[in-house]
Amino acid sequence: MSELDPTVSTPAEALAVLQEGNARFVRGERLHPNQDADRRSAVAPRQQPFAVLFGCSDSRLAAEIIFDRGLGDLFVVRTAGHVAGPEVLGSIEYGVGVLGAPLVVVLGHDACGAVTAASEADRDGSAPAGYIGDLVERVMPSVLSARAAGHTDIDAFVHTHIRRTVDSLVGRSVLLATEVAARRCAVVGLSYQLAGGTVSVVNSHGPVPAASR
């Protein structure tokens with residue numbers, strides 16, 4: 001398995017490629033793999049991404065940049081606060097069941113605006129208007145769960161929300177649960193640090209190294 005052109009067959013290999021790319025990004029030594037005209041031509045007929053990346057829509061969370069990957073490597077799905085509705089679940093299932101990606105990553109980050117808004121709504125008793133309010137309501141259970149566990153800061157709420165999202169994807173999707181049980185796929189929660197650029201494993205389901213506690 002080359003870090004420039006990985007042949008990934010297991011969830012652990014896919015996670016390792018992402019972690020290696022993130023380490024290069026943090027060091028300022030990005031290799032920009034699979035971003036040239038040859039790669040564009042090679043993937044035009046078909047795609048075979050090695051990971052599905054379900055992340056927050058935050059503009060500072062561009063997956064191919066922070067993991068130093070290129071065209072055809074990642075199947076990316078993004079919503080504010082990585083809130084997962086039917087469209088998201090269908091997209092993730094497509095990436096795993098049709099395209100064959102062995103890894104699903106849920107990518108959250110510190111100081112998340114959606115989590116902060118849910119925390120403020122819980123504290124003040126009022127939610128934003130419109131569909132932003134709907135989004136905040138769907139993040140709210142994570143905030144309430146974190147508060148019930150004794151947490152008070154936003155980053156602890158973020159980790160709880162990442163963990164609950166990972167658990168929810170496996171719990172709601174029969175396809176994902178089946179692939180994880182068969183050890184063909186893993187679902188991993190990662191937390192990104194906006195200032196430092198690093199990612200850390202929060203939790204996981206499936207055959208990947210366990211998160212450090």
# chains A, B, ... in the order shown; residues from 1 in each chain; ligands from 1
$ select_by_dssp --residues "chain A" --states "helix (DSSP H, G or I)" --output "NGL selection string"
:A and (11-27 or 37-43 or 63-66 or 80-82 or 86-98 or 113-124 or 130-148 or 154-172 or 174-181)
$ closest_atom_pairs --of "segment 98-146 of chain A" --to "segment 174-196 of chain A" --cutoff "8 Å" --atoms "only C-alpha atoms" --output "tab-separated table"
residue	atom	partner	partner_atom	distance
A:Ala101	CA	A:Cys185	CA	7.6
A:Pro102	CA	A:Cys185	CA	4.4
A:Leu103	CA	A:Ala186	CA	5.1
A:Val104	CA	A:Val187	CA	4.6
A:Val105	CA	A:Val188	CA	4.9
A:Val106	CA	A:Gly189	CA	4.7
A:Leu107	CA	A:Leu190	CA	5.0
A:Gly108	CA	A:Ser191	CA	4.9
A:His109	CA	A:Tyr192	CA	4.4
A:Asp110	CA	A:Gln193	CA	5.7
$ write_last_selection --atoms "C-alpha atoms" --output "compact mmCIF listing (two decimals), in the first residue's frame"
# COMPACT_ATOMS: atom_id res chain seq x y z
CA ALA A 101 -15.72 1.76 0.47
CA PRO A 102 -14.50 -0.18 3.53
CA LEU A 103 -14.55 2.83 5.87
CA VAL A 104 -17.08 5.45 6.95
CA VAL A 105 -15.73 8.44 8.86
CA VAL A 106 -17.86 10.86 10.86
CA LEU A 107 -15.82 14.07 11.06
CA GLY A 108 -16.68 16.66 13.69
CA HIS A 109 -14.58 19.51 15.02
CA ASP A 110 -13.97 21.71 18.03
$ closest_residue --among "A:Gly72, A:Gly206, A:Pro49, A:Gly171" --to "Val98 of chain A" --atoms "only C-alpha atoms"
A:Pro49
$ atom_distance --atom1 "atom CA of Val158 of chain A" --atom2 "atom CA of Val143 of chain A"
8.2 Å
$ residues_around --residues "Ser91 of chain A" --least-positions-apart "5" --cutoff "10 Å" --atoms "only C-alpha atoms" --output "short mmCIF file (atom, residue, chain, number, x, y, z; two decimals) with all heavy atoms, in the first residue's frame"
data_model
loop_
_atom_site.label_atom_id
_atom_site.label_comp_id
_atom_site.auth_asym_id
_atom_site.auth_seq_id
_atom_site.Cartn_x
_atom_site.Cartn_y
_atom_site.Cartn_z
N VAL A 52 -15.80 6.71 2.87
CA VAL A 52 -16.91 7.65 2.86
C VAL A 52 -16.64 8.64 3.99
O VAL A 52 -16.40 8.23 5.14
CB VAL A 52 -18.26 6.96 3.10
CG1 VAL A 52 -19.39 7.99 3.18
CG2 VAL A 52 -18.54 5.94 2.00
N PHE A 54 -18.28 11.52 6.09
CA PHE A 54 -19.48 12.26 6.48
C PHE A 54 -19.07 13.31 7.50
O PHE A 54 -18.79 13.00 8.65
CB PHE A 54 -20.53 11.31 7.05
CG PHE A 54 -21.74 12.02 7.61
CD1 PHE A 54 -22.27 13.14 6.99
CD2 PHE A 54 -22.35 11.55 8.77
CE1 PHE A 54 -23.38 13.79 7.51
CE2 PHE A 54 -23.46 12.20 9.28
CZ PHE A 54 -23.98 13.31 8.66
N PHE A 75 -15.50 9.67 -0.84
CA PHE A 75 -16.90 9.93 -1.17
C PHE A 75 -17.44 10.81 -0.04
O PHE A 75 -17.66 10.33 1.08
CB PHE A 75 -17.67 8.61 -1.28
CG PHE A 75 -19.06 8.75 -1.83
CD1 PHE A 75 -19.27 8.95 -3.18
CD2 PHE A 75 -20.16 8.66 -0.99
CE1 PHE A 75 -20.56 9.06 -3.70
CE2 PHE A 75 -21.46 8.77 -1.49
CZ PHE A 75 -21.65 8.97 -2.85
N VAL A 76 -17.63 12.09 -0.31
CA VAL A 76 -17.85 13.07 0.75
C VAL A 76 -19.33 13.47 0.84
O VAL A 76 -19.95 13.83 -0.16
CB VAL A 76 -16.98 14.32 0.53
CG1 VAL A 76 -17.22 15.35 1.63
CG2 VAL A 76 -15.50 13.94 0.48
N VAL A 77 -19.85 13.41 2.06
CA VAL A 77 -21.19 13.85 2.38
C VAL A 77 -21.07 14.83 3.54
O VAL A 77 -20.42 14.53 4.54
CB VAL A 77 -22.10 12.67 2.81
CG1 VAL A 77 -23.52 13.13 3.06
CG2 VAL A 77 -22.05 11.54 1.79
N PRO A 86 -32.48 11.00 5.96
CA PRO A 86 -32.54 9.92 4.98
C PRO A 86 -31.59 10.11 3.79
O PRO A 86 -31.01 9.14 3.30
CB PRO A 86 -34.01 9.94 4.52
CG PRO A 86 -34.75 10.55 5.66
CD PRO A 86 -33.82 11.57 6.24
N VAL A 96 -20.84 2.73 0.53
CA VAL A 96 -20.39 1.43 1.05
C VAL A 96 -20.93 0.28 0.21
O VAL A 96 -20.18 -0.58 -0.24
CB VAL A 96 -20.82 1.27 2.53
CG1 VAL A 96 -20.51 -0.15 3.03
CG2 VAL A 96 -20.12 2.30 3.41
N GLY A 97 -22.23 0.28 -0.01
CA GLY A 97 -22.87 -0.87 -0.65
C GLY A 97 -22.66 -0.95 -2.14
O GLY A 97 -22.58 -2.06 -2.70
#
$ closest_atom_pairs --of "segment 142-197 of chain A" --to "segment 117-130 of chain A" --cutoff "10 Å" --atoms "only C-alpha atoms" --output "JSON lines"
{"residue": "A:Ser142", "atom": "CA", "partner": "A:Ala118", "partner_atom": "CA", "distance": 8.9}
{"residue": "A:Val143", "atom": "CA", "partner": "A:Ser119", "partner_atom": "CA", "distance": 6.2}
{"residue": "A:Leu144", "atom": "CA", "partner": "A:Asp122", "partner_atom": "CA", "distance": 8.0}
{"residue": "A:Arg147", "atom": "CA", "partner": "A:Ser119", "partner_atom": "CA", "distance": 9.5}
{"residue": "A:Thr152", "atom": "CA", "partner": "A:Ser119", "partner_atom": "CA", "distance": 9.5}
{"residue": "A:Asp153", "atom": "CA", "partner": "A:Ser119", "partner_atom": "CA", "distance": 9.3}
{"residue": "A:Ile154", "atom": "CA", "partner": "A:Ser119", "partner_atom": "CA", "distance": 7.7}
{"residue": "A:Phe157", "atom": "CA", "partner": "A:Ser119", "partner_atom": "CA", "distance": 8.3}
$ write_last_selection --atoms "N, CA, C and O atoms" --output "mmCIF file, in the first residue's frame"
data_model
loop_
_atom_site.group_PDB
_atom_site.id
_atom_site.type_symbol
_atom_site.label_atom_id
_atom_site.label_comp_id
_atom_site.auth_asym_id
_atom_site.auth_seq_id
_atom_site.Cartn_x
_atom_site.Cartn_y
_atom_site.Cartn_z
ATOM 1 N N SER A 142 -27.720 15.240 21.703
ATOM 2 C CA SER A 142 -26.312 15.056 22.066
ATOM 3 C C SER A 142 -25.912 16.001 23.193
ATOM 4 O O SER A 142 -25.182 15.623 24.119
ATOM 5 N N VAL A 143 -26.399 17.242 23.115
ATOM 6 C CA VAL A 143 -26.108 18.218 24.170
ATOM 7 C C VAL A 143 -26.720 17.763 25.487
ATOM 8 O O VAL A 143 -26.072 17.800 26.548
ATOM 9 N N LEU A 144 -27.963 17.319 25.449
ATOM 10 C CA LEU A 144 -28.625 16.866 26.667
ATOM 11 C C LEU A 144 -27.932 15.641 27.257
ATOM 12 O O LEU A 144 -27.779 15.526 28.482
ATOM 13 N N ARG A 147 -24.690 16.863 28.905
ATOM 14 C CA ARG A 147 -24.986 17.533 30.179
ATOM 15 C C ARG A 147 -25.356 16.521 31.257
ATOM 16 O O ARG A 147 -24.948 16.637 32.420
ATOM 17 N N THR A 152 -19.759 20.161 30.646
ATOM 18 C CA THR A 152 -20.224 21.549 30.572
ATOM 19 C C THR A 152 -19.614 22.344 29.432
ATOM 20 O O THR A 152 -20.093 23.443 29.133
ATOM 21 N N ASP A 153 -18.561 21.842 28.772
ATOM 22 C CA ASP A 153 -17.910 22.632 27.730
ATOM 23 C C ASP A 153 -18.273 22.121 26.340
ATOM 24 O O ASP A 153 -18.616 20.955 26.146
ATOM 25 N N ILE A 154 -18.172 23.013 25.366
ATOM 26 C CA ILE A 154 -18.614 22.720 24.005
ATOM 27 C C ILE A 154 -17.852 21.552 23.406
ATOM 28 O O ILE A 154 -18.449 20.693 22.726
ATOM 29 N N PHE A 157 -19.289 18.413 24.405
ATOM 30 C CA PHE A 157 -20.547 18.213 23.692
ATOM 31 C C PHE A 157 -20.273 17.708 22.276
ATOM 32 O O PHE A 157 -20.994 16.848 21.756
#
$ closest_residue --among "A:Met140, A:Val202, A:Cys112, A:Leu135" --to "His159 of chain A" --atoms "only C-alpha atoms"
A:Val202
$ atom_distance --atom1 "atom CA of Ser204 of chain A" --atom2 "atom CA of His32 of chain A"
27.6 Å
$ atom_distance --atom1 "atom CA of Ala148 of chain A" --atom2 "atom CA of Ile132 of chain A"
24.2 Å
$ select_by_dssp --residues "segment 28-172 of chain A" --states "strand (DSSP E or B)" --output "list of chain:residue names"
A:Ala51, A:Val52, A:Leu53, A:Phe54, A:Gly55, A:Cys56, A:Leu74, A:Phe75, A:Val76, A:Val77, A:Arg78, A:Thr79, A:Leu103, A:Val104, A:Val105, A:Val106, A:Leu107, A:Gly108, A:His109
$ closest_residue --among "A:Gly100, A:Asn34, A:Ala156, A:Gly197" --to "Asn22 of chain A" --atoms "only C-alpha atoms"
A:Gly197
